[in-house]
Amino acid sequence: MTTGRSVDDKICEELKSLSLRGPAGGSGRGGGILLDEEDEAIRFANVRKKDFKLWERVKGQMINILDGLELHTDVFSAAEQRRIVDCVYDFQEKGRKEKLRERTYLEPRKWIRGKGRVTIQFGCCYNYALDRNGNPPGIIRDEVVDPIPPLLKQMIKRMVAWHVLPPSCIPNSCIVNIYDKDVCISPHIDHHDFVRPFCTVSFLSECNIVFGTQFKTNGPGDFSGSATIPLPLGSVLVLNGNSADVAKHCVPIVPTRRISITFRKMDDSKIPYDFILDPDLQNLRPLSLRGQNHPNILPLQQDQQDEPHKNAQQAQKVLQSLALQRPMQLSEDDFLPLSSNTTVQFRRQ
């Protein structure tokens, strides 16, 4: 009997069923987010996508400044989120112990309200501002950071397979952001060293992202714009078209700890000189449209799509509690390959 199980029990049960499998079956060790064919068909059929419209006058013309913006929900389950969050904390621990390449991990030396975001960069080193070596904002082509770890590559495979990202724009870099309370990202447009579309995945706590062509600053880290969009846990926000290049976006100060992972494809002309093409991310293809290859899986009707998940609020509370907990034991498959001179000891308190 499964009646009466807590959300945490269900998460633990799902974690036991998760497998780390490559295209031909892989290692069989725990730690991944890949699913068998039947489970993937069911999950894929329940992913929901939302588009947005917001008309504003830009250069004398009325345009939808949110054209190209998509919010995909239920892409990563509660158990998968837990796995990914715990993995991020291990990346942070390795960064603090200087077991990642120098420019992979960045933690501000001084905390200022609105600032203080921890960043972990994989695939390329992105420079946020003019640095002491005179490098302008953008990708630094002669800097080397750690490659994208296996678990994050599985996330990319999931998003391409489930029609969240197109196979023509497979990410080859990502930035992990760890926000503590009262940290923000100010209004900006992502650098064009990265092609469109790109996406961000949300973990630990819900927050709002704000879009607009003009913003009002209400206080340190507190911004208001034309549209405020909540980002559910485990959701993927895809930015393309006007939403990426006309409207700016920002994340006002967050009320509690949050993690986001932003996946982007580098412009071919900006790829680092020593960048090595990852064979695991080549020739990815999306699944057939919902139900086509799985006659037992039918597309959701509108009333089913709008039905709220019964355990959503409970699951969110469980995941938010992970901000200060690290109960899961991961295998080394979750982290390799990283810096070749690193020997990692995994532990939980």
# chains A, B, ... in the order shown; residues from 1 in each chain; ligands from 1

$ residues_around --residues "Lys248 of chain A" --least-positions-apart "3" --cutoff "8 Å" --atoms "only C-alpha atoms" --output "VMD selection string"
chain A and resid 187 to 189 211 to 214 243 to 245

$ write_last_selection --atoms "N, CA and C atoms" --output "short mmCIF file (atom, residue, chain, number, x, y, z; two decimals), in the first residue's frame"
data_model
loop_
_atom_site.label_atom_id
_atom_site.label_comp_id
_atom_site.auth_asym_id
_atom_site.auth_seq_id
_atom_site.Cartn_x
_atom_site.Cartn_y
_atom_site.Cartn_z
N PRO A 187 18.72 44.45 -14.25
CA PRO A 187 18.21 44.36 -15.63
C PRO A 187 19.34 44.30 -16.66
N HIS A 188 19.22 43.39 -17.61
CA HIS A 188 20.26 43.20 -18.61
C HIS A 188 19.71 42.40 -19.80
N ILE A 189 20.47 42.42 -20.88
CA ILE A 189 20.27 41.53 -22.02
C ILE A 189 21.51 40.65 -22.11
N PHE A 211 10.46 41.37 -16.78
CA PHE A 211 10.83 41.78 -18.14
C PHE A 211 10.31 43.18 -18.42
N GLY A 212 10.99 43.88 -19.31
CA GLY A 212 10.55 45.19 -19.74
C GLY A 212 11.61 45.89 -20.56
N THR A 213 11.21 46.97 -21.21
CA THR A 213 12.18 47.81 -21.92
C THR A 213 12.66 48.95 -21.02
N GLN A 214 11.89 49.23 -19.97
CA GLN A 214 12.28 50.23 -18.99
C GLN A 214 11.98 49.69 -17.60
N SER A 243 12.12 38.50 -26.58
CA SER A 243 12.29 38.35 -25.13
C SER A 243 13.76 38.28 -24.74
N ALA A 244 14.62 37.90 -25.70
CA ALA A 244 16.05 37.83 -25.42
C ALA A 244 16.80 39.07 -25.87
N ASP A 245 16.30 39.75 -26.90
CA ASP A 245 17.10 40.82 -27.52
C ASP A 245 16.47 42.21 -27.48
#

$ residues_around --residues "Leu165 of chain A" --least-positions-apart "5" --cutoff "8 Å" --atoms "only C-alpha atoms" --output "list of chain:residue names"
A:Met159, A:Val160, A:Ile170, A:Pro197, A:Phe198, A:Val238

$ residues_around --residues "Phe44 of chain A" --least-positions-apart "4" --cutoff "9 Å" --atoms "only C-alpha atoms" --output "ChimeraX atom specification"
/A:39-40,48,74-75,161-162,287,290

$ write_last_selection --atoms "all heavy atoms" --output "short mmCIF file (atom, residue, chain, number, x, y, z; two decimals), in the first residue's frame"
data_model
loop_
_atom_site.label_atom_id
_atom_site.label_comp_id
_atom_site.auth_asym_id
_atom_site.auth_seq_id
_atom_site.Cartn_x
_atom_site.Cartn_y
_atom_site.Cartn_z
N ASP A 39 8.60 5.43 -18.85
CA ASP A 39 8.51 6.55 -17.92
C ASP A 39 8.73 7.87 -18.63
O ASP A 39 8.07 8.88 -18.32
CB ASP A 39 9.54 6.39 -16.79
CG ASP A 39 9.17 5.27 -15.82
OD1 ASP A 39 7.99 4.89 -15.81
OD2 ASP A 39 10.06 4.79 -15.09
N GLU A 40 9.68 7.89 -19.56
CA GLU A 40 9.95 9.13 -20.27
C GLU A 40 8.75 9.56 -21.10
O GLU A 40 8.42 10.75 -21.17
CB GLU A 40 11.17 8.97 -21.17
CG GLU A 40 11.56 10.27 -21.87
CD GLU A 40 12.97 10.25 -22.41
OE1 GLU A 40 13.39 9.21 -22.94
OE2 GLU A 40 13.65 11.29 -22.31
N ARG A 48 4.14 20.94 -19.69
CA ARG A 48 3.27 22.00 -20.17
C ARG A 48 4.09 23.22 -20.58
O ARG A 48 5.08 23.55 -19.92
CB ARG A 48 2.25 22.40 -19.09
CG ARG A 48 1.26 21.29 -18.77
CD ARG A 48 0.42 21.63 -17.57
NE ARG A 48 1.22 21.67 -16.35
CZ ARG A 48 0.76 22.07 -15.17
NH1 ARG A 48 -0.48 22.47 -15.05
NH2 ARG A 48 1.55 22.07 -14.11
N ASP A 74 7.18 21.22 -15.13
CA ASP A 74 7.23 19.78 -14.90
C ASP A 74 8.29 19.08 -15.75
O ASP A 74 8.14 17.92 -16.12
CB ASP A 74 5.86 19.12 -15.16
CG ASP A 74 4.79 19.64 -14.21
OD1 ASP A 74 5.11 19.83 -13.03
OD2 ASP A 74 3.66 19.87 -14.66
N VAL A 75 9.36 19.79 -16.05
CA VAL A 75 10.45 19.19 -16.81
C VAL A 75 11.33 18.32 -15.90
O VAL A 75 11.77 17.24 -16.29
CB VAL A 75 11.30 20.27 -17.51
CG1 VAL A 75 12.45 19.64 -18.29
CG2 VAL A 75 10.42 21.11 -18.45
N ALA A 161 15.43 16.45 -25.92
CA ALA A 161 14.52 15.34 -26.20
C ALA A 161 13.07 15.76 -26.02
O ALA A 161 12.18 15.33 -26.78
CB ALA A 161 14.85 14.15 -25.31
N TRP A 162 12.79 16.60 -25.03
CA TRP A 162 11.43 16.97 -24.71
C TRP A 162 10.99 18.28 -25.37
O TRP A 162 10.06 18.94 -24.94
CB TRP A 162 11.26 17.08 -23.19
CG TRP A 162 11.33 15.74 -22.51
CD1 TRP A 162 11.71 14.54 -23.06
CD2 TRP A 162 11.01 15.47 -21.15
NE1 TRP A 162 11.65 13.54 -22.12
CE2 TRP A 162 11.23 14.07 -20.94
CE3 TRP A 162 10.59 16.25 -20.08
CZ2 TRP A 162 11.01 13.46 -19.70
CZ3 TRP A 162 10.38 15.64 -18.85
CH2 TRP A 162 10.57 14.25 -18.67
N LEU A 287 12.30 13.77 -29.07
CA LEU A 287 11.37 12.66 -29.19
C LEU A 287 10.28 13.00 -30.19
O LEU A 287 10.04 14.18 -30.50
CB LEU A 287 10.72 12.37 -27.83
CG LEU A 287 11.63 11.87 -26.71
CD1 LEU A 287 10.83 11.78 -25.42
CD2 LEU A 287 12.24 10.53 -27.06
N ARG A 290 4.10 14.07 -28.84
CA ARG A 290 3.44 13.34 -27.78
C ARG A 290 2.43 12.32 -28.32
O ARG A 290 1.54 12.67 -29.08
CB ARG A 290 2.73 14.30 -26.83
CG ARG A 290 3.69 15.27 -26.17
CD ARG A 290 2.96 16.27 -25.34
NE ARG A 290 3.89 17.28 -24.86
CZ ARG A 290 3.53 18.35 -24.16
NH1 ARG A 290 2.27 18.53 -23.85
NH2 ARG A 290 4.42 19.22 -23.75
#

$ select_by_dssp --residues "segment 38-162 of chain A" --states "helix (DSSP H, G or I)" --output "ChimeraX atom specification"
/A:38-45,78-96,150-161

$ atom_distance --atom1 "atom CA of Asp222 of chain A" --atom2 "atom CA of Phe203 of chain A"
20.9 Å

$ closest_residue --among "A:Asn240, A:Asn283, A:Gln154, A:Asn46" --to "His72 of chain A" --atoms "only C-alpha atoms"
A:Asn46

$ closest_residue --among "A:Asp131, A:Asp142, A:Asp190, A:Glu107" --to "Val176 of chain A" --atoms "only C-alpha atoms"
A:Glu107

$ closest_residue --among "A:Val210, A:Cys174, A:Val246, A:Ile63" --to "Ile156 of chain A" --atoms "only C-alpha atoms"
A:Cys174

$ closest_residue --among "A:Ile175, A:Ile139, A:Leu152, A:Ala45" --to "Met266 of chain A" --atoms "only C-alpha atoms"
A:Ile139

$ atom_distance --atom1 "atom CA of Phe194 of chain A" --atom2 "atom CA of Ile140 of chain A"
12.5 Å

$ closest_residue --among "A:Glu70, A:Asp90, A:Glu38, A:Asp146" --to "Thr104 of chain A" --atoms "only C-alpha atoms"
A:Asp146
